[in-house]
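Structure record follows, encoded as structure tokens.
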Amino acid sequence: MAENPDGLDFTTRPTTSADWRGLDAFLQDLTVRAVRAVDGADACSVTMNRDGRLVSAAGSDDEALKLDSLQYEADAGPCVCSVRDGRNQYAPDLAAEQRWSPYPEQAATYGIGSVLAAPLKVNATTLGALNLYAHHPRAFEPHEGSIGRLADQAAGAVAVAARIQEERTEADDLRAAMLSRAVIDQAIGIVMARRCCPEDEALATLR
């Protein structure tokens, strides 16, 4: 496997530039680029742990999202265990897999032969997992170490992207609050002028 074909570099952090499209768009791009980067990968998704609930934040295609949802429904599978245990979870041959029933049988109906989920960890915190799916068995066996390194790089970028999203949301909330306050102040002034009343009485009237 080439370390970073297609110019893939998860060490490149997103910025706060005006063209920032949001965390979901960043994660979507990550999954598409990961499929290109990893030999044998046919689909990729990102599972995120949001307030204790596992959700698919992005997927390279609808099949990847469905394969994730089957794991969430069963509360078992490589991506579920990867997030919970903070370790790589590799199912080299789903036809012979004995763990995570009934997920292996379900995934096999979609023509999936192997799955690898690598945790997205920052320090001791597991943010989620990078999930790779292949139609062929043992697709990731030669590349498990390299995929783990890619996941480590991706985790740092995801953490920065999530922080940017949080800061943008906080800034939007602050602007909305300031705008609301300005409108309220204007309304109070109008009521005071029309009724020739003090500020507290005008505010009570508005309420």
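Chain lettering (A, B, ...) mirrors the order of the structure tokens, residue numbering begins at 1 for each chain separately, and ligand numbering begins at 1 in order of display.
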
Handout entry: Near-Ala193 in chain A list (10 Å; only C-alpha atoms; drop same-chain fewer than 6 positions) as number ranges by chain
Key = A: 187, 199, 202

Problem - Distance of CA of Asn123 in chain A from CA of Asp152 in chain A, expressed in Å to one decimal place - result: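 Computing it gives 10.1 Å between the two atoms.
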
Problem - Per-residue DSSP, range 32-103 of chain A, filtered to strand (DSSP E), as a list in words - result: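 In range 32-103 of chain A, DSSP puts these residues in strand (DSSP E): Ala43, Cys44, Ser45, Val46, Thr47, Met48, Asn49, Arg50, Arg53, Leu54, Val55, Ser56, Ala57, Ala58, Gly59, Gln89, Tyr90 and Ala91 of chain A.
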
Exercise for the section: Measuring atom to atom with only C-alpha atoms, identify which of A:Gln153, A:Asn131, A:Gln106, A:Ser45 is nearest to Cys79 in chain A. Expected result: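 The shortest atom-to-atom distance to Cys79 in chain A comes from A:Asn131.
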
Exercise for the section: Find, counting only C-alpha atoms, the residue in A:Cys196, A:Leu27, A:Val83, A:Ile188 that gets nearest to Gly59 in chain A. Expected result: A:Leu27

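Using only C-alpha atoms, the protein and nucleic acid residues lying no more than 12 Å from Glu73 in chain A, apart from those fewer than 5 places from it along its own chain, are A:Arg53, A:Leu54, A:Val55, A:Lys66, A:Leu67, A:Asp68, A:Val80, A:Trp100, A:Ser101, A:Pro102, A:Tyr103, A:Gln106.
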